[in-house]
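The data block below is data08.txt; it holds compact mmCIF, C-alpha atoms.
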```
# COMPACT_ATOMS: atom_id res chain seq x y z
CA MET A 1 -129.15 -263.91 10.36
CA SER A 2 -128.38 -261.79 13.40
CA LYS A 3 -130.43 -262.43 16.51
CA LEU A 4 -129.97 -258.84 17.65
CA SER A 5 -132.26 -255.97 16.82
CA ALA A 6 -132.98 -252.52 18.15
CA VAL A 7 -135.34 -249.63 17.65
CA CYS A 8 -134.28 -246.61 15.63
CA PRO A 9 -134.54 -243.54 17.92
CA THR A 10 -135.50 -241.38 14.93
CA CYS A 11 -138.15 -243.36 13.03
CA ASP A 12 -138.95 -246.28 15.38
CA ALA A 13 -138.07 -248.82 12.71
CA ILE A 14 -136.67 -252.17 13.82
CA VAL A 15 -132.96 -252.16 13.04
CA VAL A 16 -131.18 -255.49 12.62
CA VAL A 17 -127.76 -255.35 14.25
CA ASP A 18 -124.77 -257.64 13.66
CA ASP A 19 -124.07 -260.22 16.35
CA ASN A 20 -120.57 -258.80 16.82
CA VAL A 21 -121.80 -255.26 17.40
CA GLU A 22 -119.78 -253.12 19.82
CA VAL A 23 -120.82 -250.39 22.23
CA SER A 24 -120.10 -246.98 20.60
CA GLU A 25 -120.40 -248.44 17.12
CA ILE A 26 -122.01 -246.26 14.45
CA ILE A 27 -125.11 -247.83 12.89
CA VAL A 28 -127.18 -246.47 10.00
CA CYS A 29 -130.94 -247.08 10.06
CA GLN A 30 -131.97 -249.02 6.95
CA GLU A 31 -135.31 -247.18 6.91
CA CYS A 32 -134.59 -243.49 7.52
CA ARG A 33 -130.79 -243.49 6.94
CA SER A 34 -130.17 -241.62 10.19
CA ARG A 35 -126.90 -242.33 12.02
CA MET A 36 -127.07 -243.89 15.46
CA VAL A 37 -124.66 -245.09 18.08
CA VAL A 38 -124.92 -248.24 20.17
CA GLU A 39 -125.36 -247.00 23.72
CA LYS A 40 -125.50 -250.36 25.48
CA ILE A 41 -125.93 -254.07 24.95
CA GLU A 42 -127.54 -255.88 27.85
CA ASN A 43 -129.04 -259.36 27.87
CA GLY A 44 -129.22 -259.37 24.10
CA ILE A 45 -131.00 -256.03 23.97
CA VAL A 46 -129.28 -253.31 21.98
CA THR A 47 -130.06 -249.69 22.76
CA LEU A 48 -129.41 -247.09 20.10
CA VAL A 49 -129.23 -243.32 20.47
CA LYS A 50 -128.89 -240.62 17.84
CA ALA A 51 -125.29 -240.18 16.72
CA PRO A 52 -123.61 -237.02 17.99
CA VAL A 53 -123.33 -234.12 15.59
CA VAL A 54 -119.95 -233.93 13.87
CA GLU A 55 -117.66 -231.58 15.75
CA GLU A 56 -115.02 -229.25 14.42
CA ASP A 57 -112.08 -231.48 15.34
CA TRP A 58 -113.55 -234.75 14.05
CA GLY A 59 -111.82 -236.56 11.27
CA GLU A 60 -108.91 -238.72 10.38
CA MET B 61 -98.71 -265.25 25.17
CA LYS B 62 -99.97 -262.93 22.46
CA PRO B 63 -99.83 -259.24 23.36
CA THR B 64 -102.89 -257.06 23.72
CA ILE B 65 -103.51 -254.01 21.59
CA GLY B 66 -105.43 -251.27 23.39
CA ILE B 67 -107.56 -249.48 20.80
CA PHE B 68 -108.44 -246.03 22.09
CA HIS B 69 -111.61 -245.00 20.30
CA SER B 70 -114.67 -242.80 20.50
CA THR B 71 -117.44 -243.76 18.10
CA ILE B 72 -116.54 -247.03 16.42
CA ARG B 73 -116.46 -246.75 12.65
CA THR B 74 -116.29 -249.52 10.07
CA ASP B 75 -112.52 -248.94 10.07
CA GLU B 76 -112.20 -249.95 13.71
CA LYS B 77 -114.40 -252.98 13.07
CA LEU B 78 -112.04 -254.04 10.27
CA ILE B 79 -109.08 -253.73 12.66
CA LEU B 80 -110.93 -255.85 15.24
CA LYS B 81 -111.66 -258.49 12.63
CA ALA B 82 -108.04 -258.52 11.41
CA ALA B 83 -106.76 -258.89 14.96
CA GLU B 84 -109.16 -261.74 15.65
CA LYS B 85 -108.01 -263.49 12.48
CA LYS B 86 -104.40 -263.21 13.64
CA GLY B 87 -105.22 -264.37 17.16
CA VAL B 88 -104.25 -261.02 18.63
CA LYS B 89 -106.09 -259.78 21.69
CA VAL B 90 -107.69 -256.36 21.56
CA LYS B 91 -109.03 -254.21 24.35
CA LEU B 92 -111.49 -251.57 23.25
CA ILE B 93 -111.12 -248.45 25.37
CA ASP B 94 -113.55 -245.58 24.87
CA ILE B 95 -111.54 -242.41 25.44
CA ARG B 96 -114.68 -240.56 26.48
CA ASN B 97 -115.04 -242.77 29.53
CA GLU B 98 -111.39 -242.66 30.59
CA THR B 99 -109.80 -240.75 33.44
CA PHE B 100 -106.24 -239.90 32.57
CA ASP B 101 -104.89 -239.58 36.09
CA PRO B 102 -101.26 -240.76 36.19
CA GLN B 103 -101.55 -241.71 39.86
CA THR B 104 -104.42 -244.11 39.40
CA TYR B 105 -104.31 -245.26 35.78
CA THR B 106 -104.11 -249.00 35.25
CA VAL B 107 -102.47 -250.28 32.08
CA ASN B 108 -103.86 -253.59 30.87
CA PHE B 109 -102.54 -253.68 27.31
CA ASP B 110 -99.13 -253.82 25.66
CA VAL B 111 -99.37 -251.24 22.93
CA ALA B 112 -101.89 -248.48 22.23
CA LEU B 113 -103.50 -247.71 18.90
CA GLU B 114 -105.09 -244.26 18.94
CA ARG B 115 -108.26 -244.23 16.82
CA SER B 116 -110.30 -241.40 18.27
CA VAL B 117 -112.55 -239.57 15.84
CA SER B 118 -111.94 -236.45 17.91
CA THR B 119 -108.45 -235.21 17.14
CA THR B 120 -108.28 -233.17 20.33
CA LYS B 121 -109.18 -236.05 22.64
CA GLY B 122 -106.91 -238.39 20.70
CA MET B 123 -103.99 -236.02 21.13
CA TYR B 124 -104.48 -235.76 24.90
CA CYS B 125 -104.81 -239.53 25.08
CA THR B 126 -101.54 -240.06 23.22
CA ASP B 127 -99.68 -237.50 25.32
CA PHE B 128 -100.94 -239.13 28.50
CA LEU B 129 -100.09 -242.70 27.53
CA GLU B 130 -96.64 -241.73 26.31
CA SER B 131 -96.00 -239.99 29.63
CA LEU B 132 -96.49 -243.41 31.26
CA GLY B 133 -93.94 -244.94 28.91
CA ILE B 134 -96.49 -246.73 26.74
CA LYS B 135 -95.86 -247.14 23.02
CA VAL B 136 -98.64 -245.34 21.16
CA ILE B 137 -99.36 -245.51 17.47
CA ASN B 138 -99.17 -242.94 16.12
CA SER B 139 -96.70 -241.09 18.31
CA SER B 140 -97.57 -237.71 19.76
CA ALA B 141 -94.83 -236.16 17.61
CA THR B 142 -96.34 -237.51 14.39
CA SER B 143 -99.93 -236.81 15.42
CA ARG B 144 -99.19 -233.23 16.47
CA ILE B 145 -97.71 -232.47 13.04
CA CYS B 146 -100.38 -234.27 11.03
CA GLU B 147 -103.35 -232.79 12.88
CA ASP B 148 -102.27 -229.34 11.66
CA LYS B 149 -102.04 -228.65 7.94
CA PHE B 150 -99.58 -225.80 8.42
CA LEU B 151 -97.23 -227.91 10.56
CA THR B 152 -97.51 -230.73 8.03
CA SER B 153 -96.61 -228.38 5.19
CA LEU B 154 -93.69 -226.96 7.15
CA SER B 155 -92.36 -230.47 7.84
CA LEU B 156 -92.66 -231.47 4.18
CA TYR B 157 -91.01 -228.23 3.06
CA LYS B 158 -88.17 -228.64 5.53
CA GLU B 159 -87.44 -232.15 4.28
CA LYS B 160 -87.75 -231.08 0.62
CA VAL B 161 -90.72 -233.38 -0.04
CA PRO B 162 -92.60 -232.09 -3.10
CA THR B 163 -95.71 -230.31 -1.87
CA LEU B 164 -98.03 -227.50 -2.88
CA LYS B 165 -97.26 -223.85 -2.20
CA PHE B 166 -98.67 -222.82 1.16
CA ALA B 167 -98.75 -219.99 3.66
CA ALA B 168 -100.49 -219.09 6.90
CA VAL B 169 -101.83 -215.56 7.20
CA PHE B 170 -103.95 -213.76 9.77
CA SER B 171 -105.54 -210.96 7.78
CA LEU B 172 -107.20 -210.16 4.48
CA GLU B 173 -104.21 -207.99 3.52
CA GLY B 174 -101.85 -210.89 4.21
CA ALA B 175 -103.97 -213.17 2.05
CA ILE B 176 -104.09 -210.68 -0.83
CA ASN B 177 -100.31 -210.19 -0.75
CA THR B 178 -99.69 -213.93 -0.76
CA ILE B 179 -102.09 -214.57 -3.61
CA ASN B 180 -100.52 -211.79 -5.66
CA ASN B 181 -97.08 -213.30 -5.02
CA TRP B 182 -98.35 -216.65 -6.25
CA GLY B 183 -99.67 -215.15 -9.48
CA GLY B 184 -103.32 -214.62 -8.57
CA PHE B 185 -106.50 -216.61 -8.08
CA PRO B 186 -107.71 -219.30 -7.67
CA VAL B 187 -106.33 -220.48 -4.35
CA VAL B 188 -107.60 -222.84 -1.68
CA ILE B 189 -108.28 -221.72 1.87
CA LYS B 190 -108.50 -224.33 4.60
CA PRO B 191 -108.79 -224.39 8.37
CA PRO B 192 -105.42 -225.58 9.72
CA LEU B 193 -107.24 -228.16 11.83
CA GLY B 194 -110.02 -230.18 10.32
CA SER B 195 -110.80 -233.17 8.18
CA TRP B 196 -113.25 -234.87 5.85
CA GLY B 197 -113.07 -231.93 3.45
CA ARG B 198 -114.95 -229.66 5.83
CA LEU B 199 -114.77 -225.88 5.42
CA LEU B 200 -112.43 -225.98 2.44
CA ALA B 201 -112.99 -223.20 -0.06
CA LYS B 202 -111.74 -222.68 -3.56
CA VAL B 203 -111.36 -218.93 -3.78
CA ASN B 204 -111.77 -217.72 -7.34
CA ASP B 205 -111.66 -213.96 -6.89
CA ILE B 206 -111.23 -211.09 -4.45
CA ASP B 207 -114.96 -210.84 -3.71
CA CYS B 208 -115.00 -214.44 -2.61
CA LEU B 209 -111.83 -214.00 -0.53
CA GLU B 210 -113.21 -210.96 1.29
CA ALA B 211 -116.45 -212.77 2.09
CA ILE B 212 -114.80 -215.91 3.39
CA ILE B 213 -112.30 -214.10 5.56
CA GLU B 214 -114.94 -211.79 7.00
CA HIS B 215 -117.15 -214.75 7.84
CA LYS B 216 -114.26 -216.56 9.53
CA GLU B 217 -113.25 -213.45 11.46
CA VAL B 218 -116.78 -212.83 12.72
CA LEU B 219 -118.09 -216.36 13.18
CA GLY B 220 -115.03 -218.51 13.63
CA SER B 221 -113.25 -219.97 16.62
CA PRO B 222 -109.68 -218.73 17.21
CA GLN B 223 -108.40 -221.64 15.12
CA GLN B 224 -110.60 -220.59 12.20
CA LYS B 225 -108.94 -217.17 12.25
CA VAL B 226 -105.70 -218.71 11.08
CA PHE B 227 -106.00 -218.71 7.30
CA TYR B 228 -104.08 -221.56 5.70
CA LEU B 229 -103.66 -220.81 2.02
CA GLN B 230 -102.64 -223.34 -0.57
CA GLU B 231 -102.08 -223.07 -4.30
CA TYR B 232 -104.92 -224.47 -6.38
CA VAL B 233 -103.91 -227.20 -8.79
CA GLU B 234 -106.17 -228.55 -11.52
CA LYS B 235 -106.57 -232.27 -10.95
CA PRO B 236 -107.35 -234.94 -13.55
CA GLY B 237 -110.69 -235.70 -11.85
CA ARG B 238 -108.93 -237.55 -9.10
CA ASP B 239 -106.20 -237.47 -6.50
CA ILE B 240 -104.24 -240.28 -4.87
CA ARG B 241 -104.23 -241.59 -1.34
CA SER B 242 -101.34 -243.84 -0.38
CA PHE B 243 -101.53 -245.98 2.75
CA VAL B 244 -98.11 -245.91 4.32
CA ILE B 245 -97.23 -248.12 7.26
CA GLY B 246 -93.75 -247.96 8.72
CA GLY B 247 -92.59 -246.05 5.64
CA LYS B 248 -93.84 -248.70 3.21
CA THR B 249 -96.72 -247.98 0.87
CA VAL B 250 -98.95 -251.02 1.32
CA CYS B 251 -101.43 -249.87 -1.32
CA ALA B 252 -102.98 -246.76 -2.82
CA ILE B 253 -106.27 -245.59 -4.25
CA TYR B 254 -107.41 -243.02 -6.73
CA ARG B 255 -110.14 -240.86 -5.24
CA ASN B 256 -112.29 -240.06 -8.24
CA SER B 257 -114.68 -237.13 -8.27
CA SER B 258 -115.84 -234.47 -10.68
CA HIS B 259 -115.80 -232.04 -7.73
CA TRP B 260 -112.52 -230.31 -6.90
CA ILE B 261 -112.74 -231.88 -3.44
CA THR B 262 -112.18 -235.59 -4.00
CA ASN B 263 -112.56 -236.75 -0.39
CA THR B 264 -114.42 -240.06 -0.15
CA ALA B 265 -116.24 -238.64 2.89
CA LEU B 266 -117.85 -236.25 0.40
CA GLY B 267 -118.74 -238.86 -2.19
CA GLY B 268 -115.49 -239.43 -4.09
CA ASN B 269 -115.18 -243.07 -5.12
CA ALA B 270 -112.12 -245.23 -4.62
CA THR B 271 -110.37 -247.33 -7.25
CA ASN B 272 -107.02 -249.10 -7.11
CA CYS B 273 -103.91 -247.04 -7.85
CA PRO B 274 -100.81 -249.04 -8.72
CA VAL B 275 -97.92 -248.31 -6.35
CA ILE B 276 -95.33 -247.17 -8.84
CA LYS B 277 -91.79 -246.28 -7.77
CA GLU B 278 -92.41 -242.50 -7.74
CA LEU B 279 -95.44 -242.94 -5.52
CA ALA B 280 -93.65 -245.28 -3.11
CA GLU B 281 -90.68 -242.93 -2.85
CA ILE B 282 -92.57 -239.70 -2.24
CA SER B 283 -94.85 -241.50 0.24
CA LYS B 284 -91.85 -242.80 2.16
CA SER B 285 -90.25 -239.34 2.21
CA ALA B 286 -93.49 -237.72 3.36
CA SER B 287 -93.94 -240.32 6.08
CA GLY B 288 -90.40 -239.73 7.29
CA ALA B 289 -90.87 -235.96 7.27
CA VAL B 290 -93.70 -236.18 9.82
CA GLY B 291 -92.14 -238.87 12.01
CA GLY B 292 -93.56 -242.05 10.46
CA GLY B 293 -96.20 -244.46 11.70
CA ILE B 294 -99.53 -245.42 10.15
CA LEU B 295 -100.42 -242.70 7.68
CA ALA B 296 -102.67 -241.92 4.75
CA ILE B 297 -100.94 -239.54 2.41
CA ASP B 298 -103.00 -237.51 -0.03
CA LEU B 299 -101.19 -236.62 -3.23
CA ILE B 300 -101.98 -234.65 -6.34
CA GLU B 301 -100.77 -235.41 -9.84
CA THR B 302 -99.31 -232.20 -11.26
CA LYS B 303 -97.41 -231.43 -14.46
CA ASP B 304 -94.27 -231.41 -12.29
CA GLY B 305 -94.96 -234.85 -10.83
CA LEU B 306 -96.61 -235.99 -7.64
CA LYS B 307 -96.99 -233.52 -4.80
CA VAL B 308 -98.16 -234.16 -1.25
CA ASN B 309 -101.33 -232.37 -0.24
CA GLU B 310 -102.15 -233.60 3.27
CA ILE B 311 -101.28 -236.40 5.67
CA ASN B 312 -103.80 -238.16 7.92
CA HIS B 313 -102.69 -239.82 11.14
CA THR B 314 -105.88 -241.69 12.13
CA MET B 315 -106.64 -242.78 8.64
CA GLU B 316 -109.92 -244.14 7.39
CA PHE B 317 -109.62 -246.95 4.90
CA LYS B 318 -112.93 -248.80 4.87
CA ASN B 319 -113.53 -248.01 1.18
CA SER B 320 -110.01 -249.00 0.16
CA GLU B 321 -109.48 -252.64 1.13
CA VAL B 322 -111.76 -254.02 -1.58
CA PRO B 323 -110.44 -252.03 -4.59
CA THR B 324 -106.80 -252.56 -3.57
CA LYS B 325 -107.32 -256.19 -2.52
CA THR B 326 -105.12 -255.34 0.47
CA SER B 327 -105.77 -255.96 4.14
CA ILE B 328 -104.86 -252.51 5.42
CA SER B 329 -106.36 -253.48 8.75
CA GLY B 330 -104.10 -256.53 8.89
CA ALA B 331 -101.06 -254.37 8.14
CA ILE B 332 -102.08 -252.03 10.97
CA VAL B 333 -102.26 -254.93 13.43
CA ASP B 334 -98.89 -256.27 12.26
CA TYR B 335 -97.30 -252.84 12.64
CA CYS B 336 -98.58 -252.55 16.22
CA LEU B 337 -97.01 -255.91 17.05
CA GLN B 338 -93.73 -254.98 15.32
CA GLN B 339 -93.49 -251.83 17.42
CA ILE B 340 -93.29 -253.89 20.60
CA GLY B 341 -91.06 -256.55 19.07
CA GLU B 342 -93.79 -259.16 18.83
CA LEU B 343 -93.60 -259.79 15.09
```

Translate this file's structure into structure tokens.
Amino acid sequence: MSKLSAVCPTCDAIVVVDDNVEVSEIIVCQECRSRMVVEKIENGIVTLVKAPVVEEDWGE
Amino acid sequence: MKPTIGIFHSTIRTDEKLILKAAEKKGVKVKLIDIRNETFDPQTYTVNFDVALERSVSTTKGMYCTDFLESLGIKVINSSATSRICEDKFLTSLSLYKEKVPTLKFAAVFSLEGAINTINNWGGFPVVIKPPLGSWGRLLAKVNDIDCLEAIIEHKEVLGSPQQKVFYLQEYVEKPGRDIRSFVIGGKTVCAIYRNSSHWITNTALGGNATNCPVIKELAEISKSASGAVGGGILAIDLIETKDGLKVNEINHTMEFKNSEVPTKTSISGAIVDYCLQQIGEL
């Protein structure tokens, strides 16, 4: 079980985050399904922000 | 000492996480570098990796990143030459056509009249209209009749960016409820998937599901030819099964593969790491 958790910026749910999470990683809230990005990880505290809206040149 | 792969990213998708995991498993060092925080000043830039893997979700930023790193003499995967062709559907089609790789009929036009003439030459509707730049199946349209064509082109002309005012036309081919994506690394097809969907757009980003596709000789050969036509590297090649055999539809140069490792039982991420090492003579 991961020791890391964060708060969903959309619905305030507690989001469990993998221990090997990276800054800039996309996370999906298990409660409201909104997409978030890891903004920072400091002292075991993960901060999430809403994922940016898809832009015209995004893709693979 | 094991070399370090610099992964140039923006948002980190599951695909990048798989690459990180594969590298860790192989004991390869990785440096994550967020393109959005970089300053590409050739006078001050410090290089602390051995080879660069460009994985930006923004094609534009990724392209500038690749151009910059190559200007410093750094090996970048994929190369700017390959990326520049693959980011643009028209350039991709031109490269395939030039090298006689089977592909769908295509044309670029800049007006409604040009589109009508082309469609008449091809034998009529339906056709597909796509933005030359773009991905994930966004803004594709299957145009069934002249009313639809007029509406789409007018909307693009009024609302679109300059890029959207280039109308890339492609013949419409009935698919057997699926298309094929081959994962081609250094010219070799490491695995392939069927992208199954009842919708005419089979992109997994739009809900198409992935199942294993055996890599038969025809698939391996056309994939190798297509890869060569655009300069090679790490590529996902989208193909359509037609009555005349396989034809290449599009080629992706920062491929997503997260849904494909399980059905193909192939470590695509591991093959990506190995290819990076091979490119600098470390494997």

- [ ] Provide the atom CA of Phe185 of chain B to atom CA of Tyr157 of chain B distance in Å, to one decimal place.
- [x] 22.3 Å

- [ ] Write out as an MDAnalysis selection string which residues come within 10 Å of Val88 of chain B when counting only C-alpha atoms, dropping same-chain ones fewer than 6 positions away.
- [x] chainID B and resid 61:65 80:82 333:334 337

Go ahead and write the residues just picked, C-alpha atoms, as a tab-separated table (two decimals), keeping the file's coordinate frame.
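result_14.tsv was written with the following content:
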```
chain	number	residue	atom	x	y	z
B	61	MET	CA	-98.71	-265.25	25.17
B	62	LYS	CA	-99.97	-262.93	22.46
B	63	PRO	CA	-99.83	-259.24	23.36
B	64	THR	CA	-102.89	-257.06	23.72
B	65	ILE	CA	-103.51	-254.01	21.59
B	80	LEU	CA	-110.93	-255.85	15.24
B	81	LYS	CA	-111.66	-258.49	12.63
B	82	ALA	CA	-108.04	-258.52	11.41
B	333	VAL	CA	-102.26	-254.93	13.43
B	334	ASP	CA	-98.89	-256.27	12.26
B	337	LEU	CA	-97.01	-255.91	17.05
```

Within 12 Å of segment 314-331 of chain B, which residues of chain A come that close, and what is the closest atom pair and distance in Å for each? Count only C-alpha atoms and give it as JSON lines.
```
{"residue": "A:Trp58", "atom": "CA", "partner": "B:Thr314", "partner_atom": "CA", "distance": 10.5}
{"residue": "A:Gly59", "atom": "CA", "partner": "B:Thr314", "partner_atom": "CA", "distance": 7.9}
{"residue": "A:Glu60", "atom": "CA", "partner": "B:Thr314", "partner_atom": "CA", "distance": 4.6}
```

Under the rule of at most 8 Å, produce a per-residue listing of chain B near chain A: chain, number, name, the closest pair of atoms, and the distance in Å, as a tab-separated table, using only C-alpha atoms.
```
residue	atom	partner	partner_atom	distance
B:Ser70	CA	A:Ser24	CA	6.9
B:Thr71	CA	A:Ser24	CA	4.9
B:Ile72	CA	A:Glu25	CA	4.2
B:Arg73	CA	A:Ile26	CA	5.9
B:Thr74	CA	A:Ile26	CA	7.9
B:Asp94	CA	A:Ser24	CA	7.9
B:Val117	CA	A:Trp58	CA	5.2
B:Ser118	CA	A:Trp58	CA	4.5
B:Thr119	CA	A:Asp57	CA	5.5
B:Thr120	CA	A:Asp57	CA	6.5
B:Leu193	CA	A:Asp57	CA	6.8
B:Gly194	CA	A:Asp57	CA	5.6
B:Ser195	CA	A:Gly59	CA	4.7
B:Trp196	CA	A:Gly59	CA	5.9
B:Asn312	CA	A:Glu60	CA	5.7
B:His313	CA	A:Glu60	CA	6.4
B:Thr314	CA	A:Glu60	CA	4.6
B:Met315	CA	A:Glu60	CA	5.0
B:Glu316	CA	A:Glu60	CA	6.3
```

So that I have them on file, write out the residues from the current selection with C-alpha atoms, as a PDB file, keeping the file's coordinate frame.
```
ATOM      1  CA  SER B  70    -114.670-242.800  20.500  1.00  0.00           C
ATOM      2  CA  THR B  71    -117.440-243.760  18.100  1.00  0.00           C
ATOM      3  CA  ILE B  72    -116.540-247.030  16.420  1.00  0.00           C
ATOM      4  CA  ARG B  73    -116.460-246.750  12.650  1.00  0.00           C
ATOM      5  CA  THR B  74    -116.290-249.520  10.070  1.00  0.00           C
ATOM      6  CA  ASP B  94    -113.550-245.580  24.870  1.00  0.00           C
ATOM      7  CA  VAL B 117    -112.550-239.570  15.840  1.00  0.00           C
ATOM      8  CA  SER B 118    -111.940-236.450  17.910  1.00  0.00           C
ATOM      9  CA  THR B 119    -108.450-235.210  17.140  1.00  0.00           C
ATOM     10  CA  THR B 120    -108.280-233.170  20.330  1.00  0.00           C
ATOM     11  CA  LEU B 193    -107.240-228.160  11.830  1.00  0.00           C
ATOM     12  CA  GLY B 194    -110.020-230.180  10.320  1.00  0.00           C
ATOM     13  CA  SER B 195    -110.800-233.170   8.180  1.00  0.00           C
ATOM     14  CA  TRP B 196    -113.250-234.870   5.850  1.00  0.00           C
ATOM     15  CA  ASN B 312    -103.800-238.160   7.920  1.00  0.00           C
ATOM     16  CA  HIS B 313    -102.690-239.820  11.140  1.00  0.00           C
ATOM     17  CA  THR B 314    -105.880-241.690  12.130  1.00  0.00           C
ATOM     18  CA  MET B 315    -106.640-242.780   8.640  1.00  0.00           C
ATOM     19  CA  GLU B 316    -109.920-244.140   7.390  1.00  0.00           C
TER      20      GLU B 316
END
```

Do you know which residues are at most 12 Å from Asp110 of chain B counting all atoms listed in the file, after dropping those on the same chain fewer than 5 positions away, and could you put them as a JSON list (two decimals) with C-alpha atoms, in the frame of the given file?
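Contents of the output file out.json:
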```json
[["chain", "number", "residue", "atom", "x", "y", "z"],
["B", 61, "MET", "CA", -98.71, -265.25, 25.17],
["B", 62, "LYS", "CA", -99.97, -262.93, 22.46],
["B", 63, "PRO", "CA", -99.83, -259.24, 23.36],
["B", 64, "THR", "CA", -102.89, -257.06, 23.72],
["B", 65, "ILE", "CA", -103.51, -254.01, 21.59],
["B", 66, "GLY", "CA", -105.43, -251.27, 23.39],
["B", 67, "ILE", "CA", -107.56, -249.48, 20.80],
["B", 88, "VAL", "CA", -104.25, -261.02, 18.63],
["B", 89, "LYS", "CA", -106.09, -259.78, 21.69],
["B", 90, "VAL", "CA", -107.69, -256.36, 21.56],
["B", 91, "LYS", "CA", -109.03, -254.21, 24.35],
["B", 129, "LEU", "CA", -100.09, -242.70, 27.53],
["B", 133, "GLY", "CA", -93.94, -244.94, 28.91],
["B", 134, "ILE", "CA", -96.49, -246.73, 26.74],
["B", 135, "LYS", "CA", -95.86, -247.14, 23.02],
["B", 136, "VAL", "CA", -98.64, -245.34, 21.16],
["B", 137, "ILE", "CA", -99.36, -245.51, 17.47],
["B", 336, "CYS", "CA", -98.58, -252.55, 16.22],
["B", 337, "LEU", "CA", -97.01, -255.91, 17.05],
["B", 338, "GLN", "CA", -93.73, -254.98, 15.32],
["B", 339, "GLN", "CA", -93.49, -251.83, 17.42],
["B", 340, "ILE", "CA", -93.29, -253.89, 20.60],
["B", 341, "GLY", "CA", -91.06, -256.55, 19.07],
["B", 342, "GLU", "CA", -93.79, -259.16, 18.83]]
```

Open item on the list: Can you pull out the residues contacting Tyr232 of chain B? Cut-off 9 Å, using all atoms listed in the file, and skip same-chain residues under 6 positions away; I want them as a PyMOL selection string.
Closed with: chain B and resi 164-165+185-188+202-203

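Comparing the minimum interatomic distances between Val53 of chain A and each of A:Cys29, A:Ile14, A:Ser34, A:Ser5, counting only C-alpha atoms, we find that A:Ser34 sits nearest.
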
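Distance check against Phe68 of chain B using only C-alpha atoms: of B:Gln224, B:Ser155, B:Asn138, B:Ser131, the minimum falls on B:Asn138.
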
Open item on the list: List the spatial neighbours of Phe128 of chain B as a list in words - criterion: any atom at most 10 Å away, all atoms listed in the file, same-chain residues fewer than 6 positions off excluded.
Closed with: Phe100, Asp101, Pro102, Gly122, Ile134, Val136 and Ser140 of chain B
